[in-house]
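This is data09.pdb. It holds PDB, C-alpha atoms, pLDDT in the B column.
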```
ATOM      1  CA  MET A   1     -12.713 -14.645 -13.972  1.00 44.00           C
ATOM      2  CA  LYS A   2     -15.484 -14.718 -16.561  1.00 47.00           C
ATOM      3  CA  GLY A   3     -17.401 -18.002 -16.663  1.00 52.00           C
ATOM      4  CA  GLU A   4     -16.264 -19.098 -13.209  1.00 59.00           C
ATOM      5  CA  ALA A   5     -18.689 -19.821 -10.395  1.00 64.00           C
ATOM      6  CA  PRO A   6     -19.009 -16.921  -7.933  1.00 67.00           C
ATOM      7  CA  VAL A   7     -17.223 -17.420  -4.626  1.00 70.00           C
ATOM      8  CA  ASP A   8     -19.503 -17.294  -1.615  1.00 77.00           C
ATOM      9  CA  ARG A   9     -18.985 -14.816   1.210  1.00 75.00           C
ATOM     10  CA  ALA A  10     -17.931 -17.410   3.781  1.00 79.00           C
ATOM     11  CA  THR A  11     -15.145 -18.643   1.503  1.00 79.00           C
ATOM     12  CA  LEU A  12     -13.987 -15.083   0.910  1.00 74.00           C
ATOM     13  CA  GLU A  13     -13.857 -14.491   4.660  1.00 78.00           C
ATOM     14  CA  ARG A  14     -11.820 -17.681   5.211  1.00 75.00           C
ATOM     15  CA  VAL A  15      -9.342 -16.654   2.514  1.00 75.00           C
ATOM     16  CA  ARG A  16      -9.075 -13.174   4.015  1.00 73.00           C
ATOM     17  CA  ALA A  17      -8.467 -14.581   7.493  1.00 75.00           C
ATOM     18  CA  LEU A  18      -5.734 -16.869   6.186  1.00 73.00           C
ATOM     19  CA  SER A  19      -3.968 -14.131   4.214  1.00 72.00           C
ATOM     20  CA  GLU A  20      -4.118 -11.623   7.070  1.00 76.00           C
ATOM     21  CA  ARG A  21      -3.234 -13.816  10.049  1.00 81.00           C
ATOM     22  CA  GLN A  22      -0.192 -12.735  12.030  1.00 84.00           C
ATOM     23  CA  LEU A  23       2.851 -14.918  11.414  1.00 85.00           C
ATOM     24  CA  SER A  24       5.518 -15.528  14.012  1.00 86.00           C
ATOM     25  CA  PRO A  25       9.064 -14.178  13.478  1.00 87.00           C
ATOM     26  CA  GLU A  26      10.196 -17.753  12.828  1.00 88.00           C
ATOM     27  CA  GLU A  27       7.545 -18.244  10.160  1.00 87.00           C
ATOM     28  CA  VAL A  28       8.536 -14.968   8.478  1.00 86.00           C
ATOM     29  CA  ARG A  29      12.244 -15.830   8.512  1.00 87.00           C
ATOM     30  CA  ALA A  30      11.535 -19.280   7.140  1.00 88.00           C
ATOM     31  CA  ALA A  31       9.323 -17.930   4.370  1.00 86.00           C
ATOM     32  CA  LEU A  32      11.801 -15.226   3.349  1.00 86.00           C
ATOM     33  CA  ALA A  33      14.638 -17.755   3.268  1.00 87.00           C
ATOM     34  CA  VAL A  34      12.947 -19.665   0.458  1.00 86.00           C
ATOM     35  CA  PRO A  35      13.954 -18.147  -2.875  1.00 84.00           C
ATOM     36  CA  LEU A  36      11.427 -17.582  -5.620  1.00 82.00           C
ATOM     37  CA  GLY A  37      11.061 -20.637  -7.833  1.00 86.00           C
ATOM     38  CA  GLU A  38      11.894 -20.192 -11.484  1.00 89.00           C
ATOM     39  CA  ALA A  39       8.288 -20.567 -12.639  1.00 91.00           C
ATOM     40  CA  GLU A  40       6.936 -18.296  -9.902  1.00 89.00           C
ATOM     41  CA  GLU A  41       9.495 -15.623 -10.680  1.00 90.00           C
ATOM     42  CA  GLU A  42       8.803 -15.742 -14.403  1.00 93.00           C
ATOM     43  CA  GLU A  43       5.078 -15.527 -13.783  1.00 93.00           C
ATOM     44  CA  SER A  44       5.510 -12.535 -11.471  1.00 94.00           C
ATOM     45  CA  ARG A  45       7.893 -10.771 -13.852  1.00 95.00           C
ATOM     46  CA  SER A  46       5.622 -11.420 -16.808  1.00 96.00           C
ATOM     47  CA  LEU A  47       2.710  -9.879 -14.904  1.00 95.00           C
ATOM     48  CA  ILE A  48       4.819  -6.865 -13.979  1.00 97.00           C
ATOM     49  CA  ARG A  49       6.043  -6.430 -17.569  1.00 97.00           C
ATOM     50  CA  TRP A  50       2.466  -6.523 -18.859  1.00 97.00           C
ATOM     51  CA  PHE A  51       1.265  -4.014 -16.260  1.00 97.00           C
ATOM     52  CA  ARG A  52       4.112  -1.587 -16.861  1.00 97.00           C
ATOM     53  CA  ARG A  53       3.722  -1.859 -20.638  1.00 97.00           C
ATOM     54  CA  ARG A  54      -0.055  -1.411 -20.539  1.00 97.00           C
ATOM     55  CA  TYR A  55       0.098   1.355 -17.925  1.00 97.00           C
ATOM     56  CA  PRO A  56       3.462   3.065 -18.371  1.00 96.00           C
ATOM     57  CA  THR A  57       3.078   5.787 -15.749  1.00 96.00           C
ATOM     58  CA  PRO A  58       2.366   5.606 -12.003  1.00 96.00           C
ATOM     59  CA  ALA A  59      -0.701   7.794 -12.578  1.00 95.00           C
ATOM     60  CA  GLU A  60      -2.155   5.319 -15.074  1.00 95.00           C
ATOM     61  CA  ARG A  61      -1.418   2.406 -12.724  1.00 96.00           C
ATOM     62  CA  LEU A  62      -3.104   4.113  -9.781  1.00 95.00           C
ATOM     63  CA  ALA A  63      -6.151   4.882 -11.923  1.00 93.00           C
ATOM     64  CA  TYR A  64      -6.255   1.245 -13.047  1.00 94.00           C
ATOM     65  CA  ALA A  65      -6.162   0.083  -9.420  1.00 92.00           C
ATOM     66  CA  ARG A  66      -9.167   2.218  -8.539  1.00 91.00           C
ATOM     67  CA  ARG A  67     -11.140   0.909 -11.512  1.00 91.00           C
ATOM     68  CA  ALA A  68     -10.169  -2.694 -10.693  1.00 89.00           C
ATOM     69  CA  TYR A  69     -11.225  -2.305  -7.070  1.00 86.00           C
ATOM     70  CA  LEU A  70     -14.577  -0.847  -8.062  1.00 86.00           C
ATOM     71  CA  ARG A  71     -15.164  -3.759 -10.454  1.00 86.00           C
ATOM     72  CA  TRP A  72     -14.241  -6.224  -7.712  1.00 83.00           C
ATOM     73  CA  THR A  73     -16.533  -4.672  -5.117  1.00 81.00           C
ATOM     74  CA  ALA A  74     -19.396  -4.540  -7.625  1.00 80.00           C
ATOM     75  CA  ALA A  75     -18.987  -8.262  -8.396  1.00 78.00           C
ATOM     76  CA  ARG A  76     -18.448  -9.686  -4.908  1.00 72.00           C
ATOM     77  CA  PRO A  77     -21.322 -11.375  -3.069  1.00 69.00           C
ATOM     78  CA  ARG A  78     -23.446  -9.291  -0.703  1.00 66.00           C
ATOM     79  CA  PRO A  79     -24.300 -10.438   2.833  1.00 61.00           C
TER      80      PRO A  79
ATOM     81  CA  MET B   1     -17.323   2.701  -0.751  1.00 42.00           C
ATOM     82  CA  GLN B   2     -18.044   5.261  -3.452  1.00 43.00           C
ATOM     83  CA  GLY B   3     -14.560   5.276  -4.928  1.00 44.00           C
ATOM     84  CA  SER B   4     -15.572   6.905  -8.168  1.00 47.00           C
ATOM     85  CA  GLU B   5     -16.514  10.127  -6.342  1.00 73.00           C
ATOM     86  CA  PHE B   6     -13.118  10.466  -4.700  1.00 85.00           C
ATOM     87  CA  ASP B   7     -10.682  12.732  -6.541  1.00 91.00           C
ATOM     88  CA  GLU B   8      -7.413  10.873  -6.124  1.00 92.00           C
ATOM     89  CA  ALA B   9      -5.387  13.504  -7.974  1.00 93.00           C
ATOM     90  CA  ALA B  10      -6.696  16.224  -5.654  1.00 94.00           C
ATOM     91  CA  PHE B  11      -5.908  14.019  -2.674  1.00 95.00           C
ATOM     92  CA  PHE B  12      -2.270  13.552  -3.703  1.00 96.00           C
ATOM     93  CA  GLN B  13      -2.024  17.226  -4.711  1.00 96.00           C
ATOM     94  CA  ALA B  14      -3.236  18.334  -1.283  1.00 97.00           C
ATOM     95  CA  ILE B  15      -0.680  16.137   0.473  1.00 97.00           C
ATOM     96  CA  ALA B  16       2.164  17.320  -1.747  1.00 96.00           C
ATOM     97  CA  ALA B  17       1.197  20.984  -1.342  1.00 96.00           C
ATOM     98  CA  SER B  18       0.911  20.679   2.440  1.00 97.00           C
ATOM     99  CA  GLY B  19       4.592  19.932   2.907  1.00 96.00           C
ATOM    100  CA  ALA B  20       3.786  17.024   5.232  1.00 98.00           C
ATOM    101  CA  ARG B  21       6.505  14.397   5.181  1.00 98.00           C
ATOM    102  CA  ALA B  22       4.299  11.538   4.038  1.00 98.00           C
ATOM    103  CA  LEU B  23       5.400   8.321   2.369  1.00 98.00           C
ATOM    104  CA  LEU B  24       2.925   6.241   0.402  1.00 98.00           C
ATOM    105  CA  ILE B  25       3.451   2.659   1.509  1.00 98.00           C
ATOM    106  CA  GLY B  26       1.368  -0.505   1.288  1.00 96.00           C
ATOM    107  CA  ARG B  27      -0.210  -1.965  -1.789  1.00 96.00           C
ATOM    108  CA  ARG B  28      -0.998   1.407  -3.370  1.00 97.00           C
ATOM    109  CA  ALA B  29       2.764   2.009  -3.520  1.00 98.00           C
ATOM    110  CA  LEU B  30       3.259  -1.399  -5.143  1.00 98.00           C
ATOM    111  CA  VAL B  31       0.699  -0.449  -7.774  1.00 97.00           C
ATOM    112  CA  ALA B  32       2.385   2.883  -8.492  1.00 97.00           C
ATOM    113  CA  LEU B  33       5.713   1.101  -8.975  1.00 97.00           C
ATOM    114  CA  GLY B  34       4.225  -1.411 -11.410  1.00 96.00           C
ATOM    115  CA  ILE B  35       2.773  -4.369  -9.518  1.00 97.00           C
ATOM    116  CA  PRO B  36      -0.908  -5.070 -10.218  1.00 95.00           C
ATOM    117  CA  VAL B  37      -2.434  -5.916  -6.847  1.00 94.00           C
ATOM    118  CA  LEU B  38      -5.875  -5.229  -5.472  1.00 90.00           C
ATOM    119  CA  THR B  39      -6.247  -2.767  -2.620  1.00 91.00           C
ATOM    120  CA  ALA B  40      -9.049  -0.942  -0.886  1.00 88.00           C
ATOM    121  CA  ASP B  41      -7.236   1.705   1.105  1.00 93.00           C
ATOM    122  CA  TYR B  42      -4.258   4.041   1.194  1.00 96.00           C
ATOM    123  CA  ASP B  43      -1.361   3.533   3.591  1.00 97.00           C
ATOM    124  CA  PHE B  44       0.992   6.315   4.581  1.00 98.00           C
ATOM    125  CA  TRP B  45       3.937   6.530   6.920  1.00 98.00           C
ATOM    126  CA  LEU B  46       3.894  10.082   8.203  1.00 98.00           C
ATOM    127  CA  HIS B  47       6.448  12.081  10.167  1.00 97.00           C
ATOM    128  CA  ILE B  48       5.227  12.183  13.753  1.00 96.00           C
ATOM    129  CA  ASP B  49       5.283  16.006  13.806  1.00 96.00           C
ATOM    130  CA  ASP B  50       3.184  16.382  10.655  1.00 97.00           C
ATOM    131  CA  ILE B  51      -0.115  14.829  11.755  1.00 97.00           C
ATOM    132  CA  ALA B  52      -2.077  18.080  11.992  1.00 97.00           C
ATOM    133  CA  THR B  53      -0.691  19.320   8.673  1.00 97.00           C
ATOM    134  CA  PHE B  54      -1.613  16.085   6.936  1.00 98.00           C
ATOM    135  CA  ASN B  55      -5.103  16.014   8.443  1.00 97.00           C
ATOM    136  CA  ALA B  56      -5.791  19.602   7.413  1.00 97.00           C
ATOM    137  CA  ALA B  57      -4.606  18.866   3.882  1.00 97.00           C
ATOM    138  CA  VAL B  58      -6.985  15.959   3.302  1.00 96.00           C
ATOM    139  CA  GLU B  59     -10.002  17.333   5.161  1.00 96.00           C
ATOM    140  CA  PRO B  60     -11.350  18.964   1.961  1.00 94.00           C
ATOM    141  CA  GLN B  61     -11.405  15.447   0.474  1.00 92.00           C
ATOM    142  CA  GLY B  62     -13.913  14.511   3.172  1.00 93.00           C
ATOM    143  CA  LEU B  63     -11.395  12.524   5.209  1.00 95.00           C
ATOM    144  CA  PHE B  64     -11.522  12.833   8.974  1.00 96.00           C
ATOM    145  CA  PRO B  65      -9.189  11.357  11.611  1.00 97.00           C
ATOM    146  CA  THR B  66     -10.367   8.750  14.087  1.00 95.00           C
ATOM    147  CA  ARG B  67      -7.987  10.069  16.769  1.00 95.00           C
ATOM    148  CA  THR B  68      -6.517  13.366  17.881  1.00 95.00           C
ATOM    149  CA  PRO B  69      -2.869  13.971  16.979  1.00 95.00           C
ATOM    150  CA  ASP B  70      -1.836  13.274  20.595  1.00 95.00           C
ATOM    151  CA  GLU B  71      -3.742   9.990  20.655  1.00 96.00           C
ATOM    152  CA  ALA B  72      -2.272   9.042  17.278  1.00 96.00           C
ATOM    153  CA  ARG B  73       1.252   9.767  18.517  1.00 94.00           C
ATOM    154  CA  GLY B  74       0.589   7.598  21.559  1.00 94.00           C
ATOM    155  CA  ARG B  75      -0.689   4.674  19.537  1.00 95.00           C
ATOM    156  CA  GLY B  76       1.664   5.049  16.590  1.00 95.00           C
ATOM    157  CA  ARG B  77      -1.106   4.917  14.035  1.00 95.00           C
ATOM    158  CA  TYR B  78      -4.539   6.224  13.173  1.00 97.00           C
ATOM    159  CA  VAL B  79      -7.053   6.219  10.384  1.00 97.00           C
ATOM    160  CA  LEU B  80      -8.612   8.904   8.202  1.00 97.00           C
ATOM    161  CA  GLU B  81     -11.884   7.829   6.758  1.00 94.00           C
ATOM    162  CA  ASN B  82     -15.123   8.594   5.091  1.00 91.00           C
ATOM    163  CA  ASP B  83     -15.940   7.066   1.700  1.00 87.00           C
ATOM    164  CA  GLU B  84     -12.225   6.202   1.501  1.00 92.00           C
ATOM    165  CA  ARG B  85      -9.919   4.855   4.177  1.00 95.00           C
ATOM    166  CA  VAL B  86      -6.383   6.036   4.815  1.00 97.00           C
ATOM    167  CA  ASP B  87      -4.255   4.127   7.332  1.00 97.00           C
ATOM    168  CA  VAL B  88      -1.530   6.319   8.774  1.00 98.00           C
ATOM    169  CA  LEU B  89       1.550   5.117  10.612  1.00 97.00           C
ATOM    170  CA  VAL B  90       3.198   7.822  12.726  1.00 97.00           C
ATOM    171  CA  ALA B  91       5.955   6.102  14.688  1.00 95.00           C
ATOM    172  CA  ARG B  92       9.528   7.417  14.548  1.00 96.00           C
ATOM    173  CA  THR B  93      10.771   3.836  14.317  1.00 96.00           C
ATOM    174  CA  VAL B  94       8.943   0.611  13.625  1.00 96.00           C
ATOM    175  CA  PRO B  95      10.320  -2.880  14.189  1.00 94.00           C
ATOM    176  CA  THR B  96       9.840  -5.530  11.554  1.00 93.00           C
ATOM    177  CA  VAL B  97       8.276  -8.754  12.761  1.00 90.00           C
ATOM    178  CA  ASP B  98      11.742 -10.304  12.685  1.00 86.00           C
ATOM    179  CA  GLY B  99      13.331  -7.559  14.775  1.00 89.00           C
ATOM    180  CA  VAL B 100      14.851  -4.969  12.408  1.00 93.00           C
ATOM    181  CA  ARG B 101      14.241  -1.389  13.598  1.00 96.00           C
ATOM    182  CA  VAL B 102      13.298   0.909  10.728  1.00 97.00           C
ATOM    183  CA  ALA B 103      13.502   4.675  11.257  1.00 98.00           C
ATOM    184  CA  PHE B 104      11.232   7.109   9.426  1.00 98.00           C
ATOM    185  CA  GLU B 105      14.042   9.649   9.033  1.00 98.00           C
ATOM    186  CA  ASP B 106      16.244   7.095   7.271  1.00 98.00           C
ATOM    187  CA  VAL B 107      13.482   5.952   4.958  1.00 98.00           C
ATOM    188  CA  TRP B 108      12.464   9.548   4.231  1.00 98.00           C
ATOM    189  CA  SER B 109      16.047  10.465   3.336  1.00 98.00           C
ATOM    190  CA  ARG B 110      16.138   7.681   0.731  1.00 98.00           C
ATOM    191  CA  ARG B 111      12.643   8.297  -0.687  1.00 98.00           C
ATOM    192  CA  ARG B 112      11.851   8.579  -4.355  1.00 97.00           C
ATOM    193  CA  THR B 113       9.046  10.521  -5.942  1.00 97.00           C
ATOM    194  CA  LEU B 114       6.546   9.306  -8.509  1.00 96.00           C
ATOM    195  CA  GLU B 115       4.112  11.279 -10.614  1.00 94.00           C
ATOM    196  CA  ALA B 116       0.746  10.247  -9.172  1.00 93.00           C
ATOM    197  CA  ALA B 117      -1.183  12.446 -11.586  1.00 90.00           C
ATOM    198  CA  ALA B 118      -0.223  15.088 -14.142  1.00 89.00           C
ATOM    199  CA  GLY B 119       2.238  17.391 -12.391  1.00 92.00           C
ATOM    200  CA  ILE B 120       1.532  15.876  -8.967  1.00 95.00           C
ATOM    201  CA  THR B 121       4.121  13.832  -7.124  1.00 95.00           C
ATOM    202  CA  VAL B 122       3.903  11.399  -4.246  1.00 97.00           C
ATOM    203  CA  ALA B 123       6.815  10.179  -2.143  1.00 98.00           C
ATOM    204  CA  VAL B 124       7.396   6.450  -1.798  1.00 98.00           C
ATOM    205  CA  PRO B 125      10.167   4.569   0.000  1.00 98.00           C
ATOM    206  CA  ALA B 126      13.122   3.228  -1.934  1.00 97.00           C
ATOM    207  CA  LEU B 127      12.484  -0.350  -3.001  1.00 97.00           C
ATOM    208  CA  ASP B 128      14.554  -1.940  -0.212  1.00 96.00           C
ATOM    209  CA  ASP B 129      12.786   0.234   2.357  1.00 97.00           C
ATOM    210  CA  LEU B 130       9.364  -0.602   0.942  1.00 97.00           C
ATOM    211  CA  ILE B 131      10.254  -4.269   1.373  1.00 96.00           C
ATOM    212  CA  LEU B 132      11.172  -3.546   4.999  1.00 96.00           C
ATOM    213  CA  THR B 133       7.819  -1.859   5.603  1.00 96.00           C
ATOM    214  CA  LYS B 134       6.144  -5.019   4.315  1.00 94.00           C
ATOM    215  CA  ARG B 135       7.890  -6.840   7.169  1.00 92.00           C
ATOM    216  CA  PHE B 136       6.144  -4.654   9.767  1.00 92.00           C
ATOM    217  CA  GLY B 137       2.989  -6.723   9.451  1.00 85.00           C
ATOM    218  CA  GLY B 138       4.259 -10.231   8.951  1.00 84.00           C
ATOM    219  CA  ARG B 139       1.070 -11.504   7.339  1.00 89.00           C
ATOM    220  CA  PRO B 140       1.001 -14.009   4.472  1.00 89.00           C
ATOM    221  CA  LYS B 141      -0.200 -11.263   2.130  1.00 90.00           C
ATOM    222  CA  ASP B 142       2.813  -9.132   3.109  1.00 93.00           C
ATOM    223  CA  LEU B 143       5.178 -11.993   2.288  1.00 92.00           C
ATOM    224  CA  GLU B 144       3.472 -12.392  -1.076  1.00 92.00           C
ATOM    225  CA  ASP B 145       3.975  -8.664  -1.695  1.00 95.00           C
ATOM    226  CA  ILE B 146       7.659  -8.989  -0.772  1.00 94.00           C
ATOM    227  CA  ARG B 147       8.035 -11.717  -3.383  1.00 93.00           C
ATOM    228  CA  LEU B 148       6.448  -9.436  -5.972  1.00 95.00           C
ATOM    229  CA  LEU B 149       8.743  -6.574  -4.964  1.00 96.00           C
ATOM    230  CA  GLU B 150      11.767  -8.866  -5.305  1.00 93.00           C
ATOM    231  CA  ALA B 151      10.554  -9.785  -8.795  1.00 94.00           C
ATOM    232  CA  LEU B 152      10.134  -6.080  -9.565  1.00 95.00           C
ATOM    233  CA  ARG B 153      13.689  -5.431  -8.422  1.00 94.00           C
ATOM    234  CA  ARG B 154      15.012  -8.074 -10.803  1.00 91.00           C
ATOM    235  CA  GLU B 155      12.853  -6.682 -13.598  1.00 89.00           C
ATOM    236  CA  GLY B 156      14.639  -3.337 -13.225  1.00 81.00           C
ATOM    237  CA  PRO B 157      13.453   0.259 -13.597  1.00 74.00           C
TER     238      PRO B 157
END
```

How does this structure look as structure tokens?
Amino acid sequence: MKGEAPVDRATLERVRALSERQLSPEEVRAALAVPLGEAEEEESRSLIRWFRRRYPTPAERLAYARRAYLRWTAARPRP
Amino acid sequence: MQGSEFDEAAFFQAIAASGARALLIGRRALVALGIPVLTADYDFWLHIDDIATFNAAVEPQGLFPTRTPDEARGRGRYVLENDERVDVLVARTVPTVDGVRVAFEDVWSRRRTLEAAAGITVAVPALDDLILTKRFGGRPKDLEDIRLLEALRREGP
């Protein structure tokens, strides 16, 4: 994210609202019926391979997640 | 949130030592399995009879429940919070948004354990069950997590 313009708080709130809205059963079934595209799957698996290689144990991964969250909260815009 | 002051290893150790039947679910479980996602809190699915045991175990970590055990049983969930936040699900069965009933006892019987810190284990659902728990919420972010879990499944152990 280095070099990118900071995202303002209102945009963050809109993104959060969109990602956390409650879907209907029909929307969930429809979404789950769509298989992963080849590019999406490769991107996800590549990310997982990197993470598991860089942090081989669950303990290391959990520690990474705490550090990453602290970095994110330190960088996000304040009200 | 002062995350750096929270001793995560001690938190998991206290839960493991308490004997409470507690499953780590949510994004923290995804992270432990190998999916790099951002998360603020901890999510557990706890046996409905183990609320008091669980609460007593994490109290030394400065975590206090928002509801009494009876209230939590009535509502099916509660929160432990202070500098950290722990969402706790306590229902015997939970329906997915598309109507599948998932029983704690079944998920607990199929659990796997991960080493959350040196010599300290945490129980997580089997991969298929973790995917089911992601269908409890039915939010776009849950569907995204399901896609990542499917990719993890294909990636193998």

Can you list what the PyMOL selection byres ((chain B) within 10 of (chain A)) grabs from this structure, as a PDB file with C-alpha atoms, keeping the file's coordinate frame?
```
ATOM      1  CA  MET B   1     -17.323   2.701  -0.751  1.00 42.00           C
ATOM      2  CA  GLN B   2     -18.044   5.261  -3.452  1.00 43.00           C
ATOM      3  CA  GLY B   3     -14.560   5.276  -4.928  1.00 44.00           C
ATOM      4  CA  SER B   4     -15.572   6.905  -8.168  1.00 47.00           C
ATOM      5  CA  PHE B   6     -13.118  10.466  -4.700  1.00 85.00           C
ATOM      6  CA  GLU B   8      -7.413  10.873  -6.124  1.00 92.00           C
ATOM      7  CA  ALA B   9      -5.387  13.504  -7.974  1.00 93.00           C
ATOM      8  CA  ARG B  27      -0.210  -1.965  -1.789  1.00 96.00           C
ATOM      9  CA  ARG B  28      -0.998   1.407  -3.370  1.00 97.00           C
ATOM     10  CA  ALA B  29       2.764   2.009  -3.520  1.00 98.00           C
ATOM     11  CA  LEU B  30       3.259  -1.399  -5.143  1.00 98.00           C
ATOM     12  CA  VAL B  31       0.699  -0.449  -7.774  1.00 97.00           C
ATOM     13  CA  ALA B  32       2.385   2.883  -8.492  1.00 97.00           C
ATOM     14  CA  LEU B  33       5.713   1.101  -8.975  1.00 97.00           C
ATOM     15  CA  GLY B  34       4.225  -1.411 -11.410  1.00 96.00           C
ATOM     16  CA  ILE B  35       2.773  -4.369  -9.518  1.00 97.00           C
ATOM     17  CA  PRO B  36      -0.908  -5.070 -10.218  1.00 95.00           C
ATOM     18  CA  VAL B  37      -2.434  -5.916  -6.847  1.00 94.00           C
ATOM     19  CA  LEU B  38      -5.875  -5.229  -5.472  1.00 90.00           C
ATOM     20  CA  THR B  39      -6.247  -2.767  -2.620  1.00 91.00           C
ATOM     21  CA  ALA B  40      -9.049  -0.942  -0.886  1.00 88.00           C
ATOM     22  CA  ASP B  41      -7.236   1.705   1.105  1.00 93.00           C
ATOM     23  CA  THR B  96       9.840  -5.530  11.554  1.00 93.00           C
ATOM     24  CA  VAL B  97       8.276  -8.754  12.761  1.00 90.00           C
ATOM     25  CA  ASP B  98      11.742 -10.304  12.685  1.00 86.00           C
ATOM     26  CA  GLY B  99      13.331  -7.559  14.775  1.00 89.00           C
ATOM     27  CA  LEU B 114       6.546   9.306  -8.509  1.00 96.00           C
ATOM     28  CA  GLU B 115       4.112  11.279 -10.614  1.00 94.00           C
ATOM     29  CA  ALA B 116       0.746  10.247  -9.172  1.00 93.00           C
ATOM     30  CA  ALA B 117      -1.183  12.446 -11.586  1.00 90.00           C
ATOM     31  CA  ALA B 118      -0.223  15.088 -14.142  1.00 89.00           C
ATOM     32  CA  ILE B 120       1.532  15.876  -8.967  1.00 95.00           C
ATOM     33  CA  THR B 121       4.121  13.832  -7.124  1.00 95.00           C
ATOM     34  CA  VAL B 122       3.903  11.399  -4.246  1.00 97.00           C
ATOM     35  CA  ARG B 135       7.890  -6.840   7.169  1.00 92.00           C
ATOM     36  CA  GLY B 137       2.989  -6.723   9.451  1.00 85.00           C
ATOM     37  CA  GLY B 138       4.259 -10.231   8.951  1.00 84.00           C
ATOM     38  CA  ARG B 139       1.070 -11.504   7.339  1.00 89.00           C
ATOM     39  CA  PRO B 140       1.001 -14.009   4.472  1.00 89.00           C
ATOM     40  CA  LYS B 141      -0.200 -11.263   2.130  1.00 90.00           C
ATOM     41  CA  ASP B 142       2.813  -9.132   3.109  1.00 93.00           C
ATOM     42  CA  LEU B 143       5.178 -11.993   2.288  1.00 92.00           C
ATOM     43  CA  GLU B 144       3.472 -12.392  -1.076  1.00 92.00           C
ATOM     44  CA  ILE B 146       7.659  -8.989  -0.772  1.00 94.00           C
ATOM     45  CA  ARG B 147       8.035 -11.717  -3.383  1.00 93.00           C
ATOM     46  CA  LEU B 148       6.448  -9.436  -5.972  1.00 95.00           C
ATOM     47  CA  LEU B 149       8.743  -6.574  -4.964  1.00 96.00           C
ATOM     48  CA  GLU B 150      11.767  -8.866  -5.305  1.00 93.00           C
ATOM     49  CA  ALA B 151      10.554  -9.785  -8.795  1.00 94.00           C
ATOM     50  CA  LEU B 152      10.134  -6.080  -9.565  1.00 95.00           C
ATOM     51  CA  ARG B 153      13.689  -5.431  -8.422  1.00 94.00           C
ATOM     52  CA  ARG B 154      15.012  -8.074 -10.803  1.00 91.00           C
ATOM     53  CA  GLU B 155      12.853  -6.682 -13.598  1.00 89.00           C
TER      54      GLU B 155
END
```

Expand the PyMOL selection byres ((chain B and resi 14-17) around 8) into the individual residues it matches in the shown file, reporting them as a PDB file with C-alpha atoms, keeping the file's coordinate frame.
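Saved to part24.pdb:
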```pdb
ATOM      1  CA  ALA B  10      -6.696  16.224  -5.654  1.00 94.00           C
ATOM      2  CA  PHE B  11      -5.908  14.019  -2.674  1.00 95.00           C
ATOM      3  CA  PHE B  12      -2.270  13.552  -3.703  1.00 96.00           C
ATOM      4  CA  GLN B  13      -2.024  17.226  -4.711  1.00 96.00           C
ATOM      5  CA  SER B  18       0.911  20.679   2.440  1.00 97.00           C
ATOM      6  CA  GLY B  19       4.592  19.932   2.907  1.00 96.00           C
ATOM      7  CA  ALA B  20       3.786  17.024   5.232  1.00 98.00           C
ATOM      8  CA  ALA B  22       4.299  11.538   4.038  1.00 98.00           C
ATOM      9  CA  PHE B  54      -1.613  16.085   6.936  1.00 98.00           C
ATOM     10  CA  ALA B  57      -4.606  18.866   3.882  1.00 97.00           C
ATOM     11  CA  VAL B  58      -6.985  15.959   3.302  1.00 96.00           C
ATOM     12  CA  ILE B 120       1.532  15.876  -8.967  1.00 95.00           C
ATOM     13  CA  THR B 121       4.121  13.832  -7.124  1.00 95.00           C
ATOM     14  CA  VAL B 122       3.903  11.399  -4.246  1.00 97.00           C
TER      15      VAL B 122
END
```

Around all the atoms of stretch 30-40 of chain A listed in the file, with 6 Å of room on each side, what axis-aligned box do you get, giving centre and edge lengths in Å to one decimal, as lines of an AutoDock Vina configuration file?
```
center_x = 10.8
center_y = -17.9
center_z = -2.7
size_x = 19.7
size_y = 17.4
size_z = 31.8
```

inquiry  = Show me, as an MDAnalysis selection string, the residues that have an atom within 7 Å of B:Tyr42 when counting only C-alpha atoms, minus same-chain residues fewer than 6 positions from it.
reply    = chainID B and resid 28 85:87

key: Straight-line distance linking atom CA of B:Thr113 with atom CA of B:Thr133, stated in Å to one decimal   =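 A separation of 17.0 Å between them.
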
inquiry  = Can you spell out as a PyMOL selection string the set of residues that the PyMOL selection byres ((chain B and resi 50) around 9) selects in the structure I just provided?
reply    = chain B and resi 19-22+46-49+51-55+90

key: Computed interatomic separation between atom CA of A:Arg76 and atom CA of B:Pro65 (Å)   =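 A separation of 28.3 Å between them.
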
message = What's around B:Thr68 at 12 Å? Count all atoms listed in the file, leave out sequence neighbours fewer than 4 positions away in its own chain, and write the answer as a VMD selection string.
response = chain B and resid 51 to 52 55 64 72 to 80

Same residues, C-alpha atoms, saved as a PDB file, keeping the file's coordinate frame:
```pdb
ATOM      1  CA  ILE B  51      -0.115  14.829  11.755  1.00 97.00           C
ATOM      2  CA  ALA B  52      -2.077  18.080  11.992  1.00 97.00           C
ATOM      3  CA  ASN B  55      -5.103  16.014   8.443  1.00 97.00           C
ATOM      4  CA  PHE B  64     -11.522  12.833   8.974  1.00 96.00           C
ATOM      5  CA  ALA B  72      -2.272   9.042  17.278  1.00 96.00           C
ATOM      6  CA  ARG B  73       1.252   9.767  18.517  1.00 94.00           C
ATOM      7  CA  GLY B  74       0.589   7.598  21.559  1.00 94.00           C
ATOM      8  CA  ARG B  75      -0.689   4.674  19.537  1.00 95.00           C
ATOM      9  CA  GLY B  76       1.664   5.049  16.590  1.00 95.00           C
ATOM     10  CA  ARG B  77      -1.106   4.917  14.035  1.00 95.00           C
ATOM     11  CA  TYR B  78      -4.539   6.224  13.173  1.00 97.00           C
ATOM     12  CA  VAL B  79      -7.053   6.219  10.384  1.00 97.00           C
ATOM     13  CA  LEU B  80      -8.612   8.904   8.202  1.00 97.00           C
TER      14      LEU B  80
END
```

ask   = Distance atom CA of B:Trp108-atom CA of B:Leu23, one decimal place?
value =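 Going from atom CA of B:Trp108 over to atom CA of B:Leu23 covers 7.4 Å.
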